[in-house]
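Shown below: model.cif, with mmCIF, C-alpha atoms.
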data_entry
#
loop_
_atom_site.label_atom_id
_atom_site.label_comp_id
_atom_site.auth_asym_id
_atom_site.auth_seq_id
_atom_site.Cartn_x
_atom_site.Cartn_y
_atom_site.Cartn_z
CA MET A 158 100.79 77.38 192.19
CA LYS A 159 103.05 75.27 194.38
CA ARG A 160 100.02 73.67 196.06
CA LEU A 161 98.59 72.85 192.64
CA VAL A 162 101.80 71.16 191.47
CA VAL A 163 101.89 69.07 194.65
CA THR A 164 98.28 67.99 194.07
CA ILE A 165 99.00 66.87 190.51
CA LEU A 166 102.15 64.99 191.50
CA LEU A 167 100.22 63.22 194.28
CA SER A 168 97.58 62.18 191.79
CA LEU A 169 100.27 60.81 189.50
CA SER A 170 101.82 58.79 192.29
CA LEU A 171 98.43 57.29 193.17
CA SER A 172 97.75 56.37 189.57
CA GLY A 173 101.07 54.60 189.14
CA CYS A 174 101.44 56.57 185.94
CA ALA A 175 104.28 55.77 183.53
CA PHE A 176 105.88 59.14 182.78
CA ASN A 177 107.03 57.86 179.38
CA SER A 178 103.44 57.77 178.19
CA LEU A 179 102.92 61.34 179.33
CA PHE A 180 105.71 63.06 177.47
CA ILE A 181 107.05 60.48 174.98
CA ASN A 182 104.45 59.28 172.52
CA TYR A 183 103.86 55.55 172.61
CA PRO A 184 104.62 54.78 168.92
CA SER A 185 108.15 56.14 169.31
CA GLN A 186 108.68 53.85 172.29
CA ILE A 187 107.70 50.76 170.30
CA ALA A 188 109.46 51.69 167.04
CA PRO A 189 112.83 50.14 168.07
CA VAL A 190 111.11 46.85 168.93
CA LYS A 191 109.39 46.71 165.55
CA ALA A 192 112.73 47.44 163.87
CA GLU A 193 114.32 44.50 165.71
CA LEU A 194 111.49 42.21 164.61
CA ASN A 195 112.34 43.10 161.03
CA ARG A 196 115.68 41.30 161.18
CA PRO A 197 116.82 37.85 162.33
CA SER A 198 117.59 37.73 166.04
CA ASN A 199 117.85 35.12 168.78
CA ALA A 200 117.55 37.69 171.56
CA PRO A 201 114.41 37.50 173.75
CA LEU A 202 113.12 40.91 172.69
CA TYR A 203 109.98 40.53 174.81
CA ARG A 204 111.93 40.64 178.09
CA GLN A 205 112.38 44.41 177.80
CA PHE A 206 108.68 44.80 178.64
CA ASP A 207 108.89 42.94 181.98
CA ASP A 208 109.34 45.98 184.19
CA GLN A 209 106.57 47.91 182.43
CA ILE A 210 103.91 45.21 182.80
CA THR A 211 103.43 46.16 186.47
CA GLY A 212 102.62 49.79 185.63
CA ALA A 213 99.43 51.60 184.66
CA ASP A 214 99.85 50.55 181.02
CA GLY A 215 100.66 46.97 181.99
CA LEU A 216 97.86 45.52 179.88
CA LEU A 217 99.25 47.11 176.71
CA TYR A 218 102.83 46.09 177.43
CA ALA A 219 101.69 42.52 178.21
CA GLN A 220 99.97 42.38 174.82
CA GLU A 221 103.07 43.70 173.08
CA ALA A 222 105.37 41.28 174.94
CA GLY A 223 103.10 38.35 174.13
CA ARG A 224 102.98 39.27 170.46
CA VAL A 225 106.75 39.82 170.23
CA ALA A 226 107.34 36.41 171.82
CA GLN A 227 104.80 34.85 169.46
CA ILE A 228 106.35 36.40 166.35
CA SER A 229 109.69 35.07 167.57
CA GLY A 230 108.26 31.55 167.93
CA ASP A 231 108.36 31.33 171.74
CA PHE A 232 104.74 30.25 172.18
CA ASN A 233 105.08 29.35 175.86
CA ALA A 234 106.46 32.77 176.77
CA SER A 235 103.75 34.37 174.66
CA LYS A 236 101.10 32.38 176.47
CA SER A 237 102.36 33.64 179.83
CA TYR A 238 102.31 37.30 178.76
CA TYR A 239 98.87 36.95 177.19
CA ASP A 240 97.61 35.44 180.46
CA LYS A 241 98.71 38.63 182.20
CA ALA A 242 96.84 40.73 179.65
CA ILE A 243 93.71 38.60 179.99
CA ALA A 244 93.87 38.99 183.78
CA ALA A 245 94.15 42.77 183.37
CA TYR A 246 91.03 42.84 181.17
CA LEU A 247 89.13 40.80 183.74
CA LYS A 248 90.16 43.29 186.42
CA PHE A 249 88.73 46.10 184.29
CA ASP A 250 85.53 44.10 183.95
CA ASP A 251 85.08 44.09 187.73
CA LYS A 252 83.22 47.39 187.92
CA ALA A 253 82.73 47.03 191.67
CA VAL A 254 86.44 47.63 192.24
CA VAL A 255 87.26 51.34 192.36
CA SER A 256 90.72 52.02 193.73
CA ALA A 257 92.53 55.16 194.80
CA SER A 258 94.77 54.78 191.75
CA ASP A 259 91.73 54.87 189.44
CA ILE A 260 90.47 58.06 191.08
CA GLY A 261 93.94 59.58 190.91
CA ALA A 262 94.34 58.71 187.23
CA THR A 263 90.99 60.23 186.30
CA ALA A 264 91.71 63.40 188.25
CA SER A 265 95.20 63.70 186.74
CA SER A 266 93.85 63.33 183.21
CA LEU A 267 91.88 66.57 183.69
CA PHE A 268 95.13 68.49 184.23
CA LEU A 269 97.46 66.48 181.98
CA ASN A 270 96.21 64.16 179.21
CA ASP A 271 94.49 60.85 178.58
CA ASN A 272 97.80 58.99 178.76
CA VAL A 273 97.44 59.13 182.55
CA ILE A 274 94.37 56.88 182.38
CA PRO A 275 95.35 53.17 182.70
CA TYR A 276 95.18 51.52 179.28
CA ARG A 277 92.11 49.44 178.53
CA GLY A 278 92.40 48.20 174.97
CA PRO A 279 89.59 48.59 172.44
CA GLY A 280 87.39 45.59 171.79
CA TYR A 281 89.17 44.38 168.66
CA GLU A 282 92.45 44.07 170.59
CA ARG A 283 90.84 41.96 173.28
CA ILE A 284 89.23 39.70 170.68
CA MET A 285 92.55 39.22 168.88
CA LEU A 286 94.26 38.55 172.20
CA HIS A 287 92.13 35.42 172.68
CA GLN A 288 92.49 34.46 169.02
CA TYR A 289 96.28 34.59 169.33
CA GLN A 290 96.20 32.78 172.65
CA ALA A 291 94.27 29.99 170.93
CA LEU A 292 97.03 29.72 168.33
CA ASN A 293 99.61 29.62 171.14
CA TYR A 294 97.82 26.64 172.66
CA LEU A 295 97.45 24.94 169.29
CA PHE A 296 101.12 25.31 168.33
CA SER A 297 102.07 24.12 171.84
CA GLY A 298 100.06 20.92 171.36
CA ASP A 299 97.12 21.78 173.67
CA SER A 300 93.99 21.53 171.52
CA GLN A 301 91.58 21.77 174.46
CA GLY A 302 93.18 24.99 175.64
CA ALA A 303 92.82 26.31 172.10
CA LEU A 304 89.09 25.51 172.12
CA VAL A 305 88.59 27.43 175.37
CA GLU A 306 90.21 30.51 173.85
CA VAL A 307 88.29 30.41 170.55
CA ARG A 308 85.02 30.20 172.46
CA ARG A 309 86.04 33.23 174.50
CA SER A 310 86.99 35.09 171.32
CA ASN A 311 83.53 34.39 169.88
CA GLU A 312 81.75 35.54 173.02
CA LEU A 313 83.70 38.78 173.01
CA GLN A 314 82.68 39.66 169.47
CA SER A 315 79.14 39.97 170.83
CA SER A 316 79.76 41.34 174.33
CA GLU A 317 82.16 44.08 173.20
CA GLN A 318 79.64 45.26 170.62
CA ALA A 319 76.96 45.45 173.34
CA ARG A 320 79.30 47.36 175.68
CA TYR A 321 80.09 49.90 172.98
CA GLN A 322 76.42 50.49 172.10
CA LYS A 323 75.61 51.06 175.77
CA SER A 324 78.43 53.59 176.20
CA MET A 325 77.37 55.48 173.07
CA LYS A 326 74.03 56.44 174.60
CA SER A 327 75.79 58.88 176.91
CA VAL A 328 77.88 60.58 174.22
CA GLN A 329 75.58 60.97 171.24
CA SER A 330 74.62 64.48 172.31
CA MET A 331 78.27 65.59 172.08
CA ALA A 332 78.34 65.63 168.27
CA ASN A 333 79.55 68.84 166.68
CA GLY A 334 80.88 69.96 163.32
CA THR A 335 84.56 69.36 164.06
CA ILE A 336 84.09 65.91 165.50
CA ASP A 337 81.63 64.93 162.76
CA ALA A 338 84.18 65.91 160.11
CA GLU A 339 86.88 63.87 161.83
CA MET A 340 84.58 60.84 162.11
CA ASN A 341 83.70 61.13 158.43
CA LYS A 342 87.40 61.21 157.56
CA LEU A 343 88.08 58.11 159.66
CA GLY A 344 85.07 56.39 158.15
CA LYS A 345 86.46 56.91 154.64
CA ALA A 346 89.85 55.61 155.73
CA ALA A 347 88.25 52.47 157.18
CA GLY A 348 86.54 51.68 153.87
CA THR A 349 83.79 49.08 154.13
CA THR A 350 84.63 48.19 157.74
CA SER A 351 81.58 49.23 159.75
CA SER A 352 82.46 47.81 163.18
CA SER A 353 85.74 47.16 164.98
CA PHE A 354 84.13 44.31 166.88
CA LEU A 355 83.46 42.10 163.86
CA ASN A 356 86.73 40.57 162.71
CA ALA A 357 86.74 38.09 159.82
CA TYR A 358 90.26 36.94 160.73
CA SER A 359 89.17 36.03 164.25
CA TYR A 360 85.99 34.32 163.05
CA TYR A 361 87.92 32.36 160.42
CA THR A 362 90.60 31.30 162.92
CA THR A 363 87.98 30.09 165.39
CA GLY A 364 86.10 28.31 162.59
CA LEU A 365 89.29 26.67 161.35
CA LEU A 366 90.22 25.43 164.80
CA TYR A 367 86.70 24.11 165.32
CA GLU A 368 86.90 22.20 162.04
CA LEU A 369 90.39 20.85 162.67
CA LEU A 370 89.32 19.65 166.12
CA GLY A 371 86.20 17.87 164.80
CA GLN A 372 83.43 20.39 165.49
CA SER A 373 82.15 20.98 161.97
CA ASN A 374 78.83 22.60 162.92
CA ASP A 375 80.56 25.27 164.99
CA ALA A 376 83.07 25.73 162.19
CA TYR A 377 80.32 26.29 159.64
CA ILE A 378 78.71 28.97 161.85
CA ASP A 379 81.96 30.90 162.19
CA TYR A 380 82.86 30.55 158.52
CA ARG A 381 79.49 32.09 157.66
CA LYS A 382 80.14 35.00 160.04
CA ALA A 383 83.57 35.51 158.49
CA ALA A 384 82.05 35.42 154.98
CA GLN A 385 79.49 38.08 155.90
CA ILE A 386 82.39 40.40 156.79
CA SER A 387 84.75 39.31 154.00
CA PRO A 388 82.43 38.04 151.25
CA ASN A 389 84.94 38.07 148.39
CA ASN A 390 87.54 35.67 149.76
CA PRO A 391 87.46 32.64 147.40
CA TYR A 392 88.96 30.21 149.93
CA LEU A 393 86.36 31.14 152.50
CA GLN A 394 83.65 30.66 149.88
CA GLN A 395 84.96 27.16 149.14
CA ASP A 396 85.01 26.33 152.85
CA LEU A 397 81.34 27.23 153.07
CA VAL A 398 80.42 25.14 150.02
CA ARG A 399 82.40 22.17 151.33
CA LEU A 400 80.95 22.23 154.84
CA ALA A 401 77.41 22.95 153.63
CA LYS A 402 77.67 19.83 151.47
CA GLN A 403 79.23 17.75 154.24
CA LEU A 404 76.59 18.81 156.79
CA SER A 405 73.67 18.63 154.29
CA MET A 406 72.86 22.29 154.88
CA PRO A 407 69.94 23.79 152.90
CA GLN A 408 72.26 26.59 151.73
CA TYR A 409 74.44 24.14 149.78
CA ASP A 410 72.62 24.54 146.45
CA ASP A 411 72.80 28.32 146.67
CA PHE A 412 76.49 28.28 147.59
CA LYS A 413 77.22 25.81 144.77
CA ARG A 414 75.43 28.05 142.27
CA ARG A 415 77.35 31.14 143.38
CA TRP A 416 80.83 29.72 143.92
CA GLY A 417 80.98 26.32 142.24
CA ASP A 418 80.99 22.88 143.79
CA ALA A 419 83.30 22.04 146.65
CA LYS A 420 86.77 20.77 145.84
CA GLN A 421 87.54 17.49 147.58
CA ALA A 422 90.82 15.79 148.44
CA THR A 423 91.71 12.71 146.40
CA PRO A 424 93.13 9.56 148.07
CA GLY A 425 96.60 10.18 149.44
CA GLN A 426 96.17 13.94 149.67
CA GLY A 427 96.27 16.25 152.63
CA GLN A 428 95.48 19.95 152.76
CA VAL A 429 97.66 22.97 153.40
CA VAL A 430 96.06 26.01 155.05
CA VAL A 431 98.13 29.20 155.04
CA LEU A 432 97.43 32.09 157.40
CA LEU A 433 99.56 34.98 156.19
CA GLU A 434 100.07 38.16 158.22
CA ARG A 435 101.72 41.16 156.58
CA ALA A 436 103.35 44.36 157.87
CA PHE A 437 102.42 46.18 161.07
CA VAL A 438 99.22 48.01 161.93
CA PRO A 439 99.75 51.79 161.62
CA ALA A 440 100.32 54.00 164.63
CA LYS A 441 97.93 56.74 165.69
CA GLN A 442 98.89 60.30 164.86
CA SER A 443 97.63 63.49 166.49
CA PHE A 444 96.15 66.79 165.53
CA THR A 445 96.34 69.80 167.84
CA VAL A 446 94.28 72.98 167.79
CA PRO A 447 95.68 76.00 169.71
CA PHE A 448 93.32 78.69 171.00
CA THR A 449 92.97 81.18 173.84
CA ILE A 450 90.49 81.44 176.71
CA ASP A 451 90.45 84.79 178.54
CA GLY A 452 93.83 85.58 177.00
CA ASN A 453 95.44 82.31 178.15
CA TRP A 454 96.78 79.85 175.63
CA GLN A 455 95.15 76.39 175.57
CA THR A 456 95.53 73.46 173.21
CA ALA A 457 93.33 70.51 172.38
CA SER A 458 94.93 67.32 171.07
CA LEU A 459 93.13 64.23 169.80
CA ALA A 460 94.35 61.04 168.16
CA THR A 461 93.71 60.35 164.50
CA TYR A 462 94.92 58.27 161.58
CA TYR A 463 96.30 59.89 158.46
CA PRO A 464 95.43 58.47 155.03
CA ASP A 465 97.72 55.61 154.03
CA SER A 466 98.07 54.93 150.32
CA THR A 467 100.41 51.97 150.85
CA SER A 468 98.69 48.83 149.60
CA ILE A 469 99.39 45.31 150.82
CA ARG A 470 100.09 42.92 147.96
CA PRO A 471 98.53 39.43 147.98
CA GLY A 472 101.10 36.86 149.01
CA GLN A 473 102.29 34.37 146.41
CA ILE A 474 102.90 30.93 147.90
CA THR A 475 105.26 28.82 145.82
CA GLY A 476 106.35 25.19 146.10
CA LEU A 477 102.91 23.56 146.07
CA GLY A 478 102.61 23.21 142.32
CA ASN A 479 101.14 26.24 140.62
CA VAL A 480 101.61 29.54 142.45
CA LEU A 481 99.00 29.83 145.18
CA ASN A 482 97.76 33.39 145.54
CA ALA A 483 96.64 34.33 149.04
CA ALA A 484 93.48 36.45 149.35
CA PRO A 485 92.80 39.23 151.88
CA LEU A 486 90.77 38.10 154.85
CA ALA A 487 90.83 41.10 157.20
CA ASN A 488 92.37 44.57 157.28
CA ILE A 489 93.47 45.04 160.88
CA ASP A 490 94.33 48.67 160.15
CA ALA A 491 90.68 49.27 159.23
CA LEU A 492 89.61 47.73 162.56
CA ALA A 493 91.99 50.08 164.40
CA ILE A 494 90.69 53.13 162.52
CA THR A 495 87.09 52.12 163.17
CA ALA A 496 87.84 51.56 166.86
CA LEU A 497 89.20 55.11 167.11
CA LYS A 498 86.11 56.42 165.34
CA GLU A 499 83.93 54.60 167.88
CA GLU A 500 85.95 56.02 170.78
CA LEU A 501 86.10 59.62 169.50
CA PRO A 502 82.87 60.92 171.10
CA SER A 503 84.01 59.70 174.55
CA ALA A 504 87.43 61.24 173.99
CA LEU A 505 85.72 64.53 173.13
CA ILE A 506 83.87 64.52 176.46
CA ARG A 507 87.14 64.08 178.34
CA GLN A 508 88.76 66.74 176.15
CA ALA A 509 86.03 69.26 176.89
CA ALA A 510 86.38 68.65 180.63
CA ARG A 511 90.15 68.97 180.41
CA VAL A 512 90.04 72.27 178.49
CA TYR A 513 87.65 73.69 181.08
CA ALA A 514 89.78 72.48 184.00
CA LYS A 515 92.98 73.89 182.53
CA ALA A 516 91.32 77.21 181.75
CA GLU A 517 90.04 77.47 185.33
CA MET A 518 93.48 76.55 186.65
CA ALA A 519 95.15 79.22 184.50
CA GLN A 520 92.61 81.85 185.56
CA SER A 521 93.20 80.98 189.22
CA VAL A 522 96.96 81.42 188.84
CA GLN A 523 96.46 84.72 187.02
CA SER A 524 94.13 86.05 189.73
CA GLU A 525 96.56 85.06 192.47
CA SER A 526 99.41 86.79 190.64
CA LYS A 527 97.43 90.06 190.39
CA LYS A 528 96.86 90.10 194.16
CA ARG A 529 100.57 90.04 194.82
CA ARG A 530 101.93 93.16 193.19
CA ASN A 531 105.52 92.33 194.02
CA GLU A 532 105.40 89.15 191.98
CA THR A 533 105.93 88.93 188.23
CA ASP A 534 103.81 87.15 185.69
CA ALA A 535 106.21 84.19 185.77
CA ALA A 536 103.57 81.94 187.33
CA VAL A 537 101.07 82.82 184.61
CA ILE A 538 103.61 82.15 181.87
CA ALA A 539 104.64 78.87 183.51
CA MET A 540 101.01 77.84 183.73
CA GLN A 541 100.47 78.50 180.00
CA ILE A 542 103.61 76.51 179.11
CA PHE A 543 102.46 73.69 181.39
CA ASN A 544 99.07 73.55 179.64
CA VAL A 545 100.62 73.42 176.19
CA ILE A 546 103.29 70.77 176.82
CA THR A 547 101.00 68.46 178.80
CA GLU A 548 98.27 68.40 176.16
CA GLN A 549 99.29 65.24 174.31
CA ALA A 550 96.95 63.02 172.30
CA ASP A 551 96.58 59.46 173.51
CA ARG A 552 98.37 57.48 170.78
CA ARG A 553 98.54 54.18 172.62
CA SER A 554 97.49 51.02 170.77
CA TRP A 555 98.73 47.47 170.20
CA LEU A 556 101.34 48.19 167.53
CA THR A 557 102.86 44.76 166.86
CA LEU A 558 99.61 43.49 165.34
CA PRO A 559 99.65 42.87 161.56
CA LYS A 560 98.25 45.35 159.11
CA GLN A 561 96.46 42.67 157.07
CA ALA A 562 95.65 38.96 157.32
CA GLN A 563 95.41 36.80 154.20
CA LEU A 564 94.30 33.23 153.54
CA ALA A 565 95.22 30.44 151.12
CA ARG A 566 94.21 26.78 151.07
CA LYS A 567 95.06 23.84 148.81
CA TYR A 568 94.96 20.01 148.61
CA VAL A 569 98.28 18.39 147.71
CA ASP A 570 99.77 14.89 147.73
CA SER A 571 101.41 13.77 150.95
CA GLY A 572 105.14 14.46 151.19
CA SER A 573 107.63 17.21 151.96
CA TYR A 574 107.48 20.60 150.25
CA GLN A 575 109.73 23.63 150.27
CA ILE A 576 107.28 26.48 150.21
CA GLY A 577 108.17 30.10 149.66
CA LEU A 578 106.61 33.52 149.96
CA ASP A 579 106.97 35.91 147.02
CA GLN A 580 109.92 34.01 145.53
CA SER A 581 112.14 34.77 148.51
CA ALA A 582 111.77 33.31 152.02
CA THR A 583 111.32 29.53 152.10
CA GLN A 584 110.46 26.80 154.58
CA ILE A 585 110.12 23.00 154.39
CA ILE A 586 106.75 21.61 155.50
CA ASP A 587 105.33 18.09 155.65
CA VAL A 588 101.89 17.05 154.41
CA GLN A 589 100.18 13.83 155.50
CA SER A 590 97.28 12.05 153.82
CA GLY A 591 93.91 12.94 155.32
CA LYS A 592 95.38 15.61 157.61
CA THR A 593 95.83 19.38 157.58
CA THR A 594 99.12 21.23 157.68
CA LEU A 595 98.51 24.66 159.13
CA VAL A 596 101.18 27.13 158.04
CA TRP A 597 101.38 30.46 159.83
CA ILE A 598 103.50 33.00 157.97
CA ILE A 599 104.34 36.28 159.68
CA ASP A 600 105.85 38.84 157.31
CA THR A 601 106.89 41.96 159.22
CA GLY A 602 108.03 43.78 156.09
CA ASN A 603 111.72 42.95 155.76
CA TYR A 604 111.74 39.55 157.45
CA THR A 605 109.49 36.49 157.19
CA ARG A 606 108.92 33.71 159.71
CA PHE A 607 107.19 30.37 159.07
CA TYR A 608 105.52 28.13 161.66
CA SER A 609 103.68 24.93 160.82
CA ILE A 610 101.82 22.14 162.56
CA ILE A 611 100.06 18.97 161.33
CA ILE A 612 96.58 18.36 162.74
#

Go ahead and render the structure in this file as structure tokens.
Amino acid sequence: MKRLVVTILLSLSLSGCAFNSLFINYPSQIAPVKAELNRPSNAPLYRQFDDQITGADGLLYAQEAGRVAQISGDFNASKSYYDKAIAAYLKFDDKAVVSASDIGATASSLFLNDNVIPYRGPGYERIMLHQYQALNYLFSGDSQGALVEVRRSNELQSSEQARYQKSMKSVQSMANGTIDAEMNKLGKAAGTTSSSFLNAYSYYTTGLLYELLGQSNDAYIDYRKAAQISPNNPYLQQDLVRLAKQLSMPQYDDFKRRWGDAKQATPGQGQVVVLLERAFVPAKQSFTVPFTIDGNWQTASLATYYPDSTSIRPGQITGLGNVLNAAPLANIDALAITALKEELPSALIRQAARVYAKAEMAQSVQSESKKRRNETDAAVIAMQIFNVITEQADRRSWLTLPKQAQLARKYVDSGSYQIGLDQSATQIIDVQSGKTTLVWIIDTGNYTRFYSIII
């Protein structure tokens, strides 16, 4: 027993494992940060992640730090943290590099739980990382840097899908009744979202930046992709009609018939584009099934999402004439649920291996105890307790992302406007003739922040 404990602790030291992730679920660690973001504060909340970025979950903490800095309006700090996350993803991509820490983490996960494995975010997180980095560059005045990031975001929407399909070939045979029922439940919770890799918010953001930076053909392509995912957004429909007309696309007549002719700015007008983010993406929950193998207690824990009946209301933008109603563009919570559904078969493989390893370990301890008649069953009992308390579902995910993204767009006369969201929070913006004022509104639930830039 003592030799076994030493082996596990050695594996943990090699993996650089953060013990918090092992025994304190990740959502409870991030909850205080989200609470702070829901009130006005000048404190650099993101600095509390600095020490954790060097650990096994460094990629996740870098994403959280970058997002917290971004929500707070410190785009340069956010850019730096996102760079660290991007570098971590690239390191994961280098499949030729297999370190002792990787081996140790994988071995430890067989005796403990998946939280030992260094965090590699699901595809939708990586795509949104580059989308948000593009916005960092844009709001920092670097349009060329923004273009680099939107191109990378587009490439990832394809490459992450291909990576997932390749990995699924090795896990399709693992389907069983329990896992099928769980996947069906997650599928219902995700609604019409069929893939976590296809994100209308990311496609629209890249299309918008392309258009604002003078690349209308690329913008049209991405708007069409966004519309295929979110076909009922009226502002996106108008963007397609307008660009199809401008670029003399053969689809213009069809778009005009379905959605009406494109609205055009009159002389002296500029346009206001509002990207509205609301609430926080939900945290993963867990379900645990206790059972016995050869008389020894074992547990199996997997991550899940519980049904959420809380609806996100469309934002009402005031101050631009008639009330401008924002329309849903993407449900990030549905992407997260779908990503978990896509990952579930692989998680089941690891779970099956872990249950077997723990059962063998418990049987070994029990056999050793029987050989030594002068010893009690304390080692056996300790082993059973160890198996139960270490079986924790992996609930890690990027939790400062929004729950939903919405869109609104309108032409108005040049001048200054005091815009508001839902008759409460307000902000003064400027509109210039022939230009676009991009307004980014981040509503975390109890507090709203406005950022704007003229392009």

Please provide as a ChimeraX atom specification all residues within 9 Å of Arg381 of chain A, with the sequence filter that same-chain residues fewer than 4 positions apart are discarded (counting all atoms listed in the file). /A:360-361,376-377,385-386,393-394,397

Which residues fall under the PyMOL selection byres ((chain A and resi 204-214) around 6) in this file, as a short mmCIF file (atom, residue, chain, number, x, y, z; two decimals) with C-alpha atoms, keeping the file's coordinate frame?
data_model
loop_
_atom_site.label_atom_id
_atom_site.label_comp_id
_atom_site.auth_asym_id
_atom_site.auth_seq_id
_atom_site.Cartn_x
_atom_site.Cartn_y
_atom_site.Cartn_z
CA GLY A 173 101.07 54.60 189.14
CA CYS A 174 101.44 56.57 185.94
CA PRO A 201 114.41 37.50 173.75
CA LEU A 202 113.12 40.91 172.69
CA TYR A 203 109.98 40.53 174.81
CA GLY A 215 100.66 46.97 181.99
CA LEU A 216 97.86 45.52 179.88
CA LEU A 217 99.25 47.11 176.71
CA TYR A 218 102.83 46.09 177.43
CA ALA A 219 101.69 42.52 178.21
CA PRO A 275 95.35 53.17 182.70
CA TYR A 276 95.18 51.52 179.28
#

With only C-alpha atoms as the basis for distance, which of A:Gln220, A:Gln395, A:Gln563, A:Ser237 is at the shortest distance from Met285 of chain A? A:Gln220

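Each of A:Leu501, A:Val305, A:Val431, A:Ala565 was checked against Asn482 of chain A using all atoms listed in the file; the smallest atom-to-atom distance is that of A:Ala565.
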
Two-atom distance - atom CA of Tyr392 of chain A, atom CA of Gly344 of chain A (Å): 27.7 Å

Given the PyMOL selection byres ((chain A and resi 286) around 12) and the file above, list the residues it selects as a PyMOL selection string. chain A and resi 216-217+219-224+227+235-236+238-246+278-285+287-293+306-307+309-311+313-314+359+555+557-558

Which residues, named as in the file, does the PyMOL selection byres ((chain A and resi 358) around 8) pick out? Answer as a PyMOL selection string. chain A and resi 356-357+359-362+383+486-487+562

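Using only C-alpha atoms, the nearest neighbour of Glu339 of chain A within the list A:Tyr367, A:Tyr380, A:Phe354, A:Tyr462 is A:Tyr462.
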
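Proximity ranking of A:Leu404, A:Leu505, A:Leu477, A:Val430 relative to Ser458 of chain A places A:Leu505 first, based on all atoms listed in the file.
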
Can you find the residues with an atom no farther than 8 Å from (110.6, 46.6, 167.9), counting only C-alpha atoms, and report them as a PyMOL selection string? chain A and resi 187-195+202

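Here atom CA of Pro391 of chain A is placed at a distance of 7.4 Å from atom CA of Ala484 of chain A.
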
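Taking atom CA of Ser353 of chain A and atom CA of Ala496 of chain A as the two end points, the separation is 5.2 Å.
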
Option closest in space to Ala419 of chain A, from A:Leu556, A:Arg507, A:Leu343, A:Tyr568 [counting only C-alpha atoms]: A:Tyr568

Starting from the point (86.8, 51.1, 164.4), work out which residues of protein, DNA or RNA have an atom no more than 8 Å away when counting only C-alpha atoms; state them as a ChimeraX atom specification. /A:347,350-354,491-499

In terms of all atoms listed in the file, the residue from A:Asn374, A:Ser590, A:Ser443, A:Ser405 at minimal distance from Ala457 of chain A is A:Ser443
